[in-house]
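Next up, my_file12.csv (CSV, C-alpha atoms):
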chain,number,residue,atom,x,y,z
A,13,MET,CA,95.3,31.4,152.3
A,14,ARG,CA,96.6,34.4,150.3
A,15,ARG,CA,100.1,32.8,150.2
A,16,SER,CA,98.7,29.6,148.7
A,17,GLY,CA,96.7,31.5,146.1
A,18,THR,CA,99.8,33.5,145.0
A,19,LEU,CA,101.8,30.3,144.8
A,20,ALA,CA,99.2,28.7,142.6
A,21,ARG,CA,99.3,31.6,140.2
A,22,SER,CA,103.1,31.4,140.2
A,23,VAL,CA,102.9,27.8,139.2
A,24,LEU,CA,100.3,28.4,136.5
A,25,VAL,CA,102.3,31.3,135.0
A,26,ARG,CA,105.6,29.3,135.1
A,27,THR,CA,103.8,26.4,133.3
A,28,ALA,CA,102.5,28.8,130.7
A,29,LEU,CA,105.9,30.3,130.2
A,30,VAL,CA,107.6,26.9,129.9
A,31,GLY,CA,105.0,25.8,127.3
A,32,ARG,CA,105.6,29.0,125.3
A,33,ARG,CA,109.4,28.6,125.5
A,34,ARG,CA,109.0,25.0,124.3
A,35,ARG,CA,106.9,26.0,121.3
A,36,ASP,CA,109.3,28.7,120.4
A,37,GLY,CA,112.3,26.3,120.6
A,38,GLY,CA,113.9,28.3,123.6
A,39,ASP,CA,117.1,27.3,125.3
A,40,VAL,CA,117.6,26.7,129.0
A,41,LEU,CA,117.1,30.0,130.9
A,42,THR,CA,116.9,31.1,134.5
A,43,THR,CA,116.1,34.7,135.2
A,44,SER,CA,114.9,37.0,138.0
A,45,GLY,CA,111.4,38.3,137.8
A,46,SER,CA,111.3,41.7,136.0
A,47,ALA,CA,108.7,43.6,134.1
A,48,ASP,CA,110.6,42.8,130.8
A,49,VAL,CA,110.2,39.0,131.0
A,50,VAL,CA,107.7,38.3,133.7
A,51,PRO,CA,104.1,39.3,133.7
A,52,ASP,CA,103.0,42.1,136.1
A,53,ASP,CA,101.1,39.9,138.5
A,54,LEU,CA,104.2,37.8,139.0
A,55,ALA,CA,106.7,40.7,139.2
A,56,SER,CA,105.2,41.9,142.5
A,57,LEU,CA,106.2,38.6,144.0
A,58,GLY,CA,109.9,39.2,143.5
A,59,SER,CA,110.3,35.4,143.0
A,60,ARG,CA,112.6,33.6,140.6
A,61,VAL,CA,111.0,32.1,137.5
A,62,GLU,CA,112.8,29.1,135.9
A,63,PHE,CA,112.4,28.3,132.3
A,64,ILE,CA,112.7,24.5,132.1
A,65,ALA,CA,114.4,23.4,128.9
A,66,PRO,CA,112.6,20.8,126.7
A,67,ARG,CA,113.9,17.3,126.7
A,68,THR,CA,116.2,16.4,123.9
A,69,PRO,CA,114.6,13.9,121.7
A,70,ALA,CA,116.2,10.5,121.6
A,71,VAL,CA,118.6,10.0,118.7
A,72,ALA,CA,117.4,7.3,116.4
A,73,GLY,CA,119.8,4.3,116.0
A,74,PRO,CA,121.3,3.2,112.7
A,75,ILE,CA,118.7,2.1,110.1
A,76,SER,CA,119.3,-1.3,108.5
A,77,ILE,CA,118.2,-1.3,104.9
A,78,PRO,CA,117.5,-4.8,103.5
A,79,LEU,CA,119.6,-5.6,100.4
A,80,LEU,CA,117.0,-8.0,99.1
A,81,PRO,CA,113.5,-6.5,98.8
A,82,GLY,CA,110.4,-8.5,99.2
A,83,GLU,CA,110.0,-11.8,101.0
A,84,ARG,CA,113.2,-12.9,102.7
A,85,THR,CA,112.9,-16.7,102.5
A,86,LEU,CA,115.9,-19.1,102.5
A,87,ASP,CA,115.3,-20.0,98.9
A,88,ARG,CA,115.3,-16.3,97.8
A,89,ARG,CA,118.4,-15.6,99.9
A,90,ILE,CA,120.3,-18.4,98.2
A,91,LYS,CA,119.3,-17.2,94.8
A,92,PHE,CA,120.3,-13.6,95.7
A,93,GLY,CA,123.7,-14.8,97.0
A,94,LEU,CA,124.2,-16.8,93.7
A,95,VAL,CA,123.5,-13.7,91.6
A,96,ASN,CA,125.9,-11.5,93.6
A,97,ALA,CA,128.5,-14.3,93.5
A,98,CYS,CA,128.5,-13.9,89.7
A,99,THR,CA,129.0,-10.2,90.1
A,100,ILE,CA,131.9,-10.7,92.5
A,101,SER,CA,133.4,-13.3,90.1
A,102,SER,CA,133.5,-10.6,87.4
A,103,ILE,CA,135.5,-8.3,89.8
A,104,MET,CA,137.9,-11.2,90.6
A,105,TRP,CA,138.5,-12.1,86.9
A,106,GLY,CA,139.2,-8.4,86.3
A,107,MET,CA,141.8,-8.4,89.0
A,108,PHE,CA,143.4,-11.6,87.6
A,109,ALA,CA,143.6,-9.8,84.2
A,110,VAL,CA,145.5,-7.0,85.8
A,111,PHE,CA,147.9,-9.3,87.6
A,112,LEU,CA,148.5,-11.4,84.5
A,113,SER,CA,149.1,-8.4,82.2
A,114,ILE,CA,151.7,-7.0,84.6
A,115,GLN,CA,153.5,-10.3,84.5
A,116,GLY,CA,153.5,-10.2,80.7
A,117,HIS,CA,150.8,-12.8,80.1
A,118,VAL,CA,148.6,-10.5,78.0
A,119,PRO,CA,146.6,-13.1,76.0
A,120,TRP,CA,145.6,-14.8,79.3
A,121,ALA,CA,144.7,-11.4,80.7
A,122,ALA,CA,142.4,-10.8,77.6
A,123,ALA,CA,140.8,-14.2,78.3
A,124,CYS,CA,140.1,-13.1,81.8
A,125,ILE,CA,138.3,-10.0,80.5
A,126,LEU,CA,136.1,-12.2,78.4
A,127,ALA,CA,135.3,-14.2,81.6
A,128,CYS,CA,134.3,-10.9,83.1
A,129,VAL,CA,131.9,-10.3,80.2
A,130,THR,CA,130.4,-13.8,80.7
A,131,PHE,CA,129.7,-13.3,84.4
A,132,ASP,CA,128.5,-9.8,83.8
A,133,GLY,CA,125.8,-11.1,81.5
A,134,LEU,CA,125.1,-14.1,83.8
A,135,ASP,CA,124.3,-12.1,86.9
A,136,GLY,CA,121.6,-10.0,85.2
A,137,ALA,CA,120.0,-13.0,83.5
A,138,LEU,CA,119.9,-14.9,86.8
A,139,ALA,CA,118.5,-12.0,88.7
A,140,ARG,CA,115.6,-11.6,86.3
A,141,LYS,CA,115.0,-15.4,86.2
A,142,PHE,CA,115.0,-15.8,89.9
A,143,GLY,CA,113.1,-12.6,90.6
A,144,VAL,CA,115.7,-11.2,93.0
A,145,ALA,CA,116.6,-8.0,91.1
A,146,SER,CA,117.3,-5.2,93.5
A,147,PRO,CA,118.8,-1.7,93.6
A,148,PHE,CA,121.7,-3.1,95.5
A,149,GLY,CA,122.4,-5.6,92.7
A,150,ALA,CA,122.2,-2.8,90.1
A,151,GLN,CA,124.8,-0.8,92.0
A,152,MET,CA,127.0,-3.8,92.5
A,153,ASP,CA,126.8,-4.5,88.8
A,154,SER,CA,128.0,-0.9,88.0
A,155,MET,CA,130.8,-1.2,90.5
A,156,ALA,CA,131.9,-4.5,88.9
A,157,ASP,CA,131.7,-3.1,85.4
A,158,MET,CA,133.9,-0.1,86.4
A,159,SER,CA,136.4,-2.4,88.0
A,160,SER,CA,136.6,-5.0,85.2
A,161,PHE,CA,135.9,-2.9,82.1
A,162,GLY,CA,136.9,0.6,83.2
A,163,LEU,CA,140.1,-0.2,85.0
A,164,ALA,CA,141.3,-3.7,84.1
A,165,VAL,CA,140.8,-3.3,80.3
A,166,PRO,CA,143.0,-0.1,80.1
A,167,VAL,CA,145.8,-1.9,82.0
A,168,VAL,CA,145.7,-4.9,79.6
A,169,LEU,CA,145.6,-2.6,76.6
A,170,PHE,CA,148.6,-0.5,77.8
A,171,THR,CA,150.6,-3.6,78.5
A,172,TRP,CA,149.7,-5.0,75.0
A,173,LEU,CA,150.4,-1.8,73.0
A,174,HIS,CA,153.3,-0.1,74.8
A,175,PRO,CA,156.0,-1.9,72.7
A,176,VAL,CA,154.6,-0.4,69.5
A,177,ALA,CA,153.0,2.9,70.6
A,178,PRO,CA,154.5,5.9,72.3
A,179,ALA,CA,153.5,6.6,75.9
A,180,TRP,CA,152.3,10.1,75.1
A,181,LEU,CA,149.7,8.6,72.8
A,182,LEU,CA,148.9,5.3,74.4
A,183,GLY,CA,148.6,6.6,78.0
A,184,PRO,CA,145.8,9.2,77.3
A,185,ALA,CA,144.0,6.7,75.1
A,186,CYS,CA,143.9,4.1,77.8
A,187,ALA,CA,143.0,6.6,80.5
A,188,LEU,CA,140.2,7.8,78.2
A,189,ILE,CA,138.7,4.3,78.4
A,190,ALA,CA,138.5,4.6,82.2
A,191,VAL,CA,137.0,8.1,82.2
A,192,CYS,CA,134.4,7.3,79.5
A,193,SER,CA,133.5,4.0,81.2
A,194,ALA,CA,132.7,5.9,84.4
A,195,ILE,CA,130.6,8.5,82.6
A,196,ARG,CA,128.8,5.8,80.5
A,197,LEU,CA,127.9,3.7,83.6
A,198,ALA,CA,126.8,6.8,85.6
A,199,ARG,CA,124.6,8.0,82.7
A,200,PHE,CA,123.1,4.5,82.3
A,201,ASN,CA,122.0,4.4,85.9
A,202,VAL,CA,120.1,7.7,85.7
A,203,SER,CA,118.7,7.5,82.2
A,204,PRO,CA,115.4,6.0,81.1
A,205,LYS,CA,115.9,2.6,79.4
A,206,ASP,CA,115.2,1.9,75.8
A,207,GLY,CA,114.4,-1.7,74.9
A,208,ARG,CA,115.7,-1.4,71.4
A,209,PHE,CA,119.0,0.5,71.5
A,210,PHE,CA,121.8,1.4,73.8
A,211,CYS,CA,122.8,5.1,74.0
A,212,GLY,CA,126.5,4.8,73.0
A,213,VAL,CA,128.6,1.7,72.9
A,214,PRO,CA,128.0,-0.3,76.1
A,215,THR,CA,131.1,-0.9,78.3
A,216,THR,CA,130.5,-4.6,78.0
A,217,MET,CA,130.6,-4.5,74.2
A,218,ALA,CA,133.7,-2.2,74.2
A,219,ALA,CA,135.5,-4.6,76.6
A,220,THR,CA,134.6,-7.5,74.4
A,221,ILE,CA,135.9,-5.8,71.2
A,222,LEU,CA,139.1,-4.8,72.9
A,223,ALA,CA,139.8,-8.2,74.5
A,224,LEU,CA,139.2,-10.0,71.2
A,225,SER,CA,141.5,-7.5,69.5
A,226,VAL,CA,144.2,-8.5,71.9
A,227,LEU,CA,143.7,-12.2,71.0
A,228,LEU,CA,143.1,-11.8,67.2
A,229,ILE,CA,145.1,-8.8,66.0
A,230,LYS,CA,148.8,-7.9,66.0
A,231,PRO,CA,149.5,-4.7,68.0
A,232,THR,CA,150.1,-1.6,65.9
A,233,ILE,CA,150.3,2.1,66.6
A,234,GLY,CA,147.0,2.7,64.8
A,235,LEU,CA,145.2,0.6,67.4
A,236,ALA,CA,146.0,3.2,70.1
A,237,ILE,CA,143.9,5.7,68.1
A,238,ALA,CA,141.2,3.1,67.7
A,239,VAL,CA,141.1,2.7,71.5
A,240,ALA,CA,140.5,6.4,71.9
A,241,ALA,CA,137.8,6.3,69.3
A,242,ILE,CA,136.0,3.5,71.0
A,243,ALA,CA,136.2,5.3,74.3
A,244,LEU,CA,134.5,8.4,72.8
A,245,LEU,CA,131.8,6.3,71.2
A,246,MET,CA,130.9,4.9,74.7
A,247,VAL,CA,129.8,8.4,75.8
A,248,SER,CA,128.2,9.4,72.5
A,249,THR,CA,124.5,9.5,71.9
A,250,PHE,CA,124.5,7.3,68.9
A,251,PRO,CA,122.0,4.4,69.2
A,252,TYR,CA,123.5,0.9,69.0
A,253,ALA,CA,121.2,-2.1,68.5
A,254,LYS,CA,121.0,-4.6,71.3
A,255,LEU,CA,121.9,-8.2,70.8
A,256,ALA,CA,118.3,-9.4,70.5
A,257,ARG,CA,117.7,-7.1,67.5
A,258,VAL,CA,121.0,-8.2,65.9
A,259,LEU,CA,119.9,-11.9,66.1
A,260,ARG,CA,116.7,-11.0,64.2
A,261,LEU,CA,118.8,-10.4,61.0
A,262,PRO,CA,118.3,-12.8,58.1
A,263,ARG,CA,120.0,-16.1,58.6
A,264,TRP,CA,122.2,-15.7,55.6
A,265,LEU,CA,123.7,-12.6,57.0
A,266,LEU,CA,124.7,-14.6,60.1
A,267,VAL,CA,126.4,-17.2,58.0
A,268,VAL,CA,128.6,-14.7,56.1
A,269,PRO,CA,130.8,-13.9,59.2
A,270,VAL,CA,131.4,-17.6,59.7
A,271,LEU,CA,132.5,-18.2,56.2
A,272,GLY,CA,134.6,-15.1,56.3
A,273,GLY,CA,136.2,-16.2,59.5
A,274,LEU,CA,137.2,-19.5,57.9
A,275,ALA,CA,138.9,-17.6,55.0
A,276,ASP,CA,140.6,-14.9,57.0
A,277,TYR,CA,139.6,-14.4,60.6
A,278,GLN,CA,141.5,-11.2,61.2
A,279,ILE,CA,140.0,-9.3,58.3
A,280,THR,CA,136.6,-10.6,59.1
A,281,PHE,CA,136.9,-9.5,62.7
A,282,MET,CA,137.9,-6.0,61.7
A,283,VAL,CA,135.1,-5.7,59.2
A,284,LEU,CA,132.5,-6.8,61.7
A,285,ILE,CA,133.8,-4.5,64.4
A,286,GLY,CA,133.9,-1.6,61.9
A,287,ALA,CA,130.4,-2.3,60.8
A,288,TYR,CA,129.1,-2.3,64.3
A,289,LEU,CA,130.8,0.9,65.3
A,290,VAL,CA,129.6,2.7,62.2
A,291,SER,CA,126.0,1.4,62.7
A,292,GLY,CA,125.4,3.9,65.5
A,293,PRO,CA,126.0,7.1,63.4
A,294,ILE,CA,124.1,5.5,60.5
A,295,ILE,CA,121.0,4.8,62.7
A,296,TRP,CA,121.3,8.2,64.3
A,297,LEU,CA,121.2,9.9,60.9
A,298,ARG,CA,118.3,7.7,59.7
A,299,TYR,CA,116.1,8.7,62.7
A,300,ARG,CA,117.2,12.3,62.4
A,301,GLU,CA,116.1,12.5,58.7
A,302,ALA,CA,112.8,10.8,59.6
A,303,ALA,CA,112.1,13.4,62.3
A,304,LEU,CA,112.7,16.3,59.9

Translate the structure of the given file into structure tokens.
Amino acid sequence: MRRSGTLARSVLVRTALVGRRRRDGGDVLTTSGSADVVPDDLASLGSRVEFIAPRTPAVAGPISIPLLPGERTLDRRIKFGLVNACTISSIMWGMFAVFLSIQGHVPWAAACILACVTFDGLDGALARKFGVASPFGAQMDSMADMSSFGLAVPVVLFTWLHPVAPAWLLGPACALIAVCSAIRLARFNVSPKDGRFFCGVPTTMAATILALSVLLIKPTIGLAIAVAAIALLMVSTFPYAKLARVLRLPRWLLVVPVLGGLADYQITFMVLIGAYLVSGPIIWLRYREAAL
């Protein structure tokens, strides 16, 4: 009877010790009874007390994150796939631009860049219209922009200008387009959006300007400096009006470029581009003076 009572106390004490070790996050431990680690009523038994290690929690499996938030119907999946097909098309046209420029077909490469611009605008418009905008789509769009506008455009520009511009000037200017495009896209992803203005020249607009320059202007050494200037304006804080605000200008102002293009399309193009690039600093100064 006495032996069974002692055994019962041993079990109770061992259970208490195991619970305490589990709460304290203890490791597996087996030790002989002693006054240092075992209570006095158990030390007299001279028995061995085993600390049972807690069970290791089961490791959770990989978590699958749905790329399309919301209801996953067949209709929405098809629309989601169509939107991302436009994004992928932009990447593909950018690769075609690189291949064509390497082979010496620079005008065709510039046309491929304009195709990238078209698909870049189309995927966002379709995503909003179909109601399938998603964080995945936003990241894909940034990746496509970096591929087509941050990498393909500098390659096309280098191929176009290297016969007339020294490598020590042209190389850094084209590389600056890639660096500033990456900074511009990353900043856009983490910045609050303004419905009226872009902060700096958008990568899409910069790519459009540079691709049209390849098609409409003869290459000169001065264009290498202009390329570097456009790159720096992409990462500037100057506000540039969005297309919707530009279209709100008086109708007669929109007719002037058409008439100028019929007279001399090269001069008209350079004047329009110059006016657009200068508009950012002008708007910035205007708002700064109003704030003072």

| Separation of atom CA of Leu188 of chain A from atom CA of Pro214 of chain A, in Å and rounded to one decimal | 14.8 Å

| query | Counting all atoms listed in the file, what is within 12 Å of Leu289 of chain A, bar same-chain residues fewer than 5 positions away, as an MDAnalysis selection string? | reply | chainID A and resid 212:214 217:218 221 238 241:246 248 250:253 282:284 294:295

Mind writing the picked residues with C-alpha atoms as a PDB file, in the coordinates of the input?
ATOM      1  CA  GLY A 212     126.500   4.800  73.000  1.00  0.00           C
ATOM      2  CA  VAL A 213     128.600   1.700  72.900  1.00  0.00           C
ATOM      3  CA  PRO A 214     128.000  -0.300  76.100  1.00  0.00           C
ATOM      4  CA  MET A 217     130.600  -4.500  74.200  1.00  0.00           C
ATOM      5  CA  ALA A 218     133.700  -2.200  74.200  1.00  0.00           C
ATOM      6  CA  ILE A 221     135.900  -5.800  71.200  1.00  0.00           C
ATOM      7  CA  ALA A 238     141.200   3.100  67.700  1.00  0.00           C
ATOM      8  CA  ALA A 241     137.800   6.300  69.300  1.00  0.00           C
ATOM      9  CA  ILE A 242     136.000   3.500  71.000  1.00  0.00           C
ATOM     10  CA  ALA A 243     136.200   5.300  74.300  1.00  0.00           C
ATOM     11  CA  LEU A 244     134.500   8.400  72.800  1.00  0.00           C
ATOM     12  CA  LEU A 245     131.800   6.300  71.200  1.00  0.00           C
ATOM     13  CA  MET A 246     130.900   4.900  74.700  1.00  0.00           C
ATOM     14  CA  SER A 248     128.200   9.400  72.500  1.00  0.00           C
ATOM     15  CA  PHE A 250     124.500   7.300  68.900  1.00  0.00           C
ATOM     16  CA  PRO A 251     122.000   4.400  69.200  1.00  0.00           C
ATOM     17  CA  TYR A 252     123.500   0.900  69.000  1.00  0.00           C
ATOM     18  CA  ALA A 253     121.200  -2.100  68.500  1.00  0.00           C
ATOM     19  CA  MET A 282     137.900  -6.000  61.700  1.00  0.00           C
ATOM     20  CA  VAL A 283     135.100  -5.700  59.200  1.00  0.00           C
ATOM     21  CA  LEU A 284     132.500  -6.800  61.700  1.00  0.00           C
ATOM     22  CA  ILE A 294     124.100   5.500  60.500  1.00  0.00           C
ATOM     23  CA  ILE A 295     121.000   4.800  62.700  1.00  0.00           C
TER      24      ILE A 295
END

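Proximity of A:Phe210, A:Leu265, A:Leu197, A:Ala190 to Val167 of chain A, computed with only C-alpha atoms, is greatest for A:Ala190.
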
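In this structure, atom CA of Pro81 of chain A sits 10.8 Å away from atom CA of Gly149 of chain A.
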
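In this structure, atom CA of Leu169 of chain A sits 13.6 Å away from atom CA of Gln115 of chain A.
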
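Each of A:Val95, A:Val129, A:Val118, A:Leu222 was checked against Ser160 of chain A using all atoms listed in the file; the smallest atom-to-atom distance is that of A:Val129.
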
Residue contacts of Ala194 of chain A (10 Å, all atoms listed in the file) excluding same-chain residues fewer than 4 positions away, as a PDB file with C-alpha atoms, in the frame of the given file:
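This went into part_0.pdb:
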ATOM      1  CA  SER A 154     128.000  -0.900  88.000  1.00  0.00           C
ATOM      2  CA  MET A 155     130.800  -1.200  90.500  1.00  0.00           C
ATOM      3  CA  ASP A 157     131.700  -3.100  85.400  1.00  0.00           C
ATOM      4  CA  MET A 158     133.900  -0.100  86.400  1.00  0.00           C
ATOM      5  CA  SER A 159     136.400  -2.400  88.000  1.00  0.00           C
ATOM      6  CA  PHE A 161     135.900  -2.900  82.100  1.00  0.00           C
ATOM      7  CA  GLY A 162     136.900   0.600  83.200  1.00  0.00           C
ATOM      8  CA  LEU A 163     140.100  -0.200  85.000  1.00  0.00           C
ATOM      9  CA  LEU A 188     140.200   7.800  78.200  1.00  0.00           C
ATOM     10  CA  ILE A 189     138.700   4.300  78.400  1.00  0.00           C
ATOM     11  CA  ALA A 190     138.500   4.600  82.200  1.00  0.00           C
ATOM     12  CA  ALA A 198     126.800   6.800  85.600  1.00  0.00           C
ATOM     13  CA  ARG A 199     124.600   8.000  82.700  1.00  0.00           C
ATOM     14  CA  PHE A 200     123.100   4.500  82.300  1.00  0.00           C
ATOM     15  CA  THR A 215     131.100  -0.900  78.300  1.00  0.00           C
ATOM     16  CA  MET A 246     130.900   4.900  74.700  1.00  0.00           C
ATOM     17  CA  VAL A 247     129.800   8.400  75.800  1.00  0.00           C
TER      18      VAL A 247
END

| field | Surrounding residues of Trp180 of chain A excluding itself and chain neighbours under 4 positions, 12 Å, only C-alpha atoms, as JSON, numbers by chain | value | {"A": [170, 174, 184, 185, 186, 187, 233, 236, 237]}

For Phe111 of chain A, list every protein, DNA or RNA residue within 10 Å, evaluated using all atoms listed in the file, and leave out those in the same chain fewer than 5 positions away; present the list as a PDB file with C-alpha atoms, keeping the file's coordinate frame.
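Output (result.pdb):
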ATOM      1  CA  TRP A 105     138.500 -12.100  86.900  1.00  0.00           C
ATOM      2  CA  GLY A 106     139.200  -8.400  86.300  1.00  0.00           C
ATOM      3  CA  GLY A 116     153.500 -10.200  80.700  1.00  0.00           C
ATOM      4  CA  HIS A 117     150.800 -12.800  80.100  1.00  0.00           C
ATOM      5  CA  VAL A 118     148.600 -10.500  78.000  1.00  0.00           C
ATOM      6  CA  ALA A 121     144.700 -11.400  80.700  1.00  0.00           C
ATOM      7  CA  ALA A 164     141.300  -3.700  84.100  1.00  0.00           C
ATOM      8  CA  VAL A 167     145.800  -1.900  82.000  1.00  0.00           C
ATOM      9  CA  VAL A 168     145.700  -4.900  79.600  1.00  0.00           C
TER      10      VAL A 168
END

| message | Applying 10 Å and all atoms listed in the file, which residues near Tyr277 of chain A remain after dropping the ones on its own chain fewer than 6 positions away? List them as number ranges by chain. | response | A: 228-229, 269-271, 283

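Distance annotation: of A:Asn201, A:Gln278, A:Thr171, A:Thr99, the residue with the minimal separation from Ser113 of chain A is A:Thr171; atom set is only C-alpha atoms.
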
Hey, could you patch up segment 158-180 of chain A with N, CA and C atoms and hand it over as an mmCIF file, in the coordinates of the input?
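File produced: out_34.cif:
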data_model
loop_
_atom_site.group_PDB
_atom_site.id
_atom_site.type_symbol
_atom_site.label_atom_id
_atom_site.label_comp_id
_atom_site.auth_asym_id
_atom_site.auth_seq_id
_atom_site.Cartn_x
_atom_site.Cartn_y
_atom_site.Cartn_z
ATOM 1 N N MET A 158 132.838 -1.116 86.325
ATOM 2 C CA MET A 158 133.900 -0.100 86.400
ATOM 3 C C MET A 158 135.224 -0.763 86.727
ATOM 4 N N SER A 159 135.198 -1.737 87.630
ATOM 5 C CA SER A 159 136.400 -2.400 88.000
ATOM 6 C C SER A 159 137.006 -3.245 86.883
ATOM 7 N N SER A 160 136.151 -4.040 86.231
ATOM 8 C CA SER A 160 136.600 -5.000 85.200
ATOM 9 C C SER A 160 136.831 -4.316 83.853
ATOM 10 N N PHE A 161 135.880 -3.474 83.442
ATOM 11 C CA PHE A 161 135.900 -2.900 82.100
ATOM 12 C C PHE A 161 136.528 -1.496 82.077
ATOM 13 N N GLY A 162 136.348 -0.754 83.175
ATOM 14 C CA GLY A 162 136.900 0.600 83.200
ATOM 15 C C GLY A 162 138.301 0.706 83.685
ATOM 16 N N LEU A 163 138.784 -0.282 84.439
ATOM 17 C CA LEU A 163 140.100 -0.200 85.000
ATOM 18 C C LEU A 163 141.029 -1.377 84.476
ATOM 19 N N ALA A 164 140.512 -2.604 84.525
ATOM 20 C CA ALA A 164 141.300 -3.700 84.100
ATOM 21 C C ALA A 164 141.623 -3.680 82.592
ATOM 22 N N VAL A 165 140.637 -3.330 81.793
ATOM 23 C CA VAL A 165 140.800 -3.300 80.300
ATOM 24 C C VAL A 165 141.919 -2.286 79.938
ATOM 25 N N PRO A 166 141.919 -1.045 80.449
ATOM 26 C CA PRO A 166 143.000 -0.100 80.100
ATOM 27 C C PRO A 166 144.397 -0.644 80.460
ATOM 28 N N VAL A 167 144.497 -1.326 81.596
ATOM 29 C CA VAL A 167 145.800 -1.900 82.000
ATOM 30 C C VAL A 167 146.258 -2.939 80.999
ATOM 31 N N VAL A 168 145.341 -3.812 80.618
ATOM 32 C CA VAL A 168 145.700 -4.900 79.600
ATOM 33 C C VAL A 168 146.077 -4.226 78.296
ATOM 34 N N LEU A 169 145.332 -3.215 77.868
ATOM 35 C CA LEU A 169 145.600 -2.600 76.600
ATOM 36 C C LEU A 169 146.985 -1.865 76.618
ATOM 37 N N PHE A 170 147.291 -1.209 77.719
ATOM 38 C CA PHE A 170 148.600 -0.500 77.800
ATOM 39 C C PHE A 170 149.728 -1.506 77.762
ATOM 40 N N THR A 171 149.577 -2.626 78.464
ATOM 41 C CA THR A 171 150.600 -3.600 78.500
ATOM 42 C C THR A 171 150.797 -4.241 77.060
ATOM 43 N N TRP A 172 149.691 -4.359 76.339
ATOM 44 C CA TRP A 172 149.700 -5.000 75.000
ATOM 45 C C TRP A 172 150.337 -4.043 73.959
ATOM 46 N N LEU A 173 150.014 -2.746 74.026
ATOM 47 C CA LEU A 173 150.400 -1.800 73.000
ATOM 48 C C LEU A 173 151.661 -1.006 73.256
ATOM 49 N N HIS A 174 152.148 -1.023 74.493
ATOM 50 C CA HIS A 174 153.300 -0.100 74.800
ATOM 51 C C HIS A 174 154.561 -0.452 74.027
ATOM 52 N N PRO A 175 154.783 -1.701 73.544
ATOM 53 C CA PRO A 175 156.000 -1.900 72.700
ATOM 54 C C PRO A 175 155.947 -1.223 71.360
ATOM 55 N N VAL A 176 154.746 -0.901 70.848
ATOM 56 C CA VAL A 176 154.600 -0.400 69.500
ATOM 57 C C VAL A 176 154.091 1.056 69.451
ATOM 58 N N ALA A 177 153.563 1.566 70.555
ATOM 59 C CA ALA A 177 153.000 2.900 70.600
ATOM 60 C C ALA A 177 153.651 3.773 71.605
ATOM 61 N N PRO A 178 153.882 5.052 71.296
ATOM 62 C CA PRO A 178 154.500 5.900 72.300
ATOM 63 C C PRO A 178 153.639 6.190 73.477
ATOM 64 N N ALA A 179 154.269 6.412 74.625
ATOM 65 C CA ALA A 179 153.500 6.600 75.900
ATOM 66 C C ALA A 179 152.628 7.831 75.829
ATOM 67 N N TRP A 180 153.094 8.896 75.128
ATOM 68 C CA TRP A 180 152.300 10.100 75.100
ATOM 69 C C TRP A 180 150.968 9.934 74.360
#
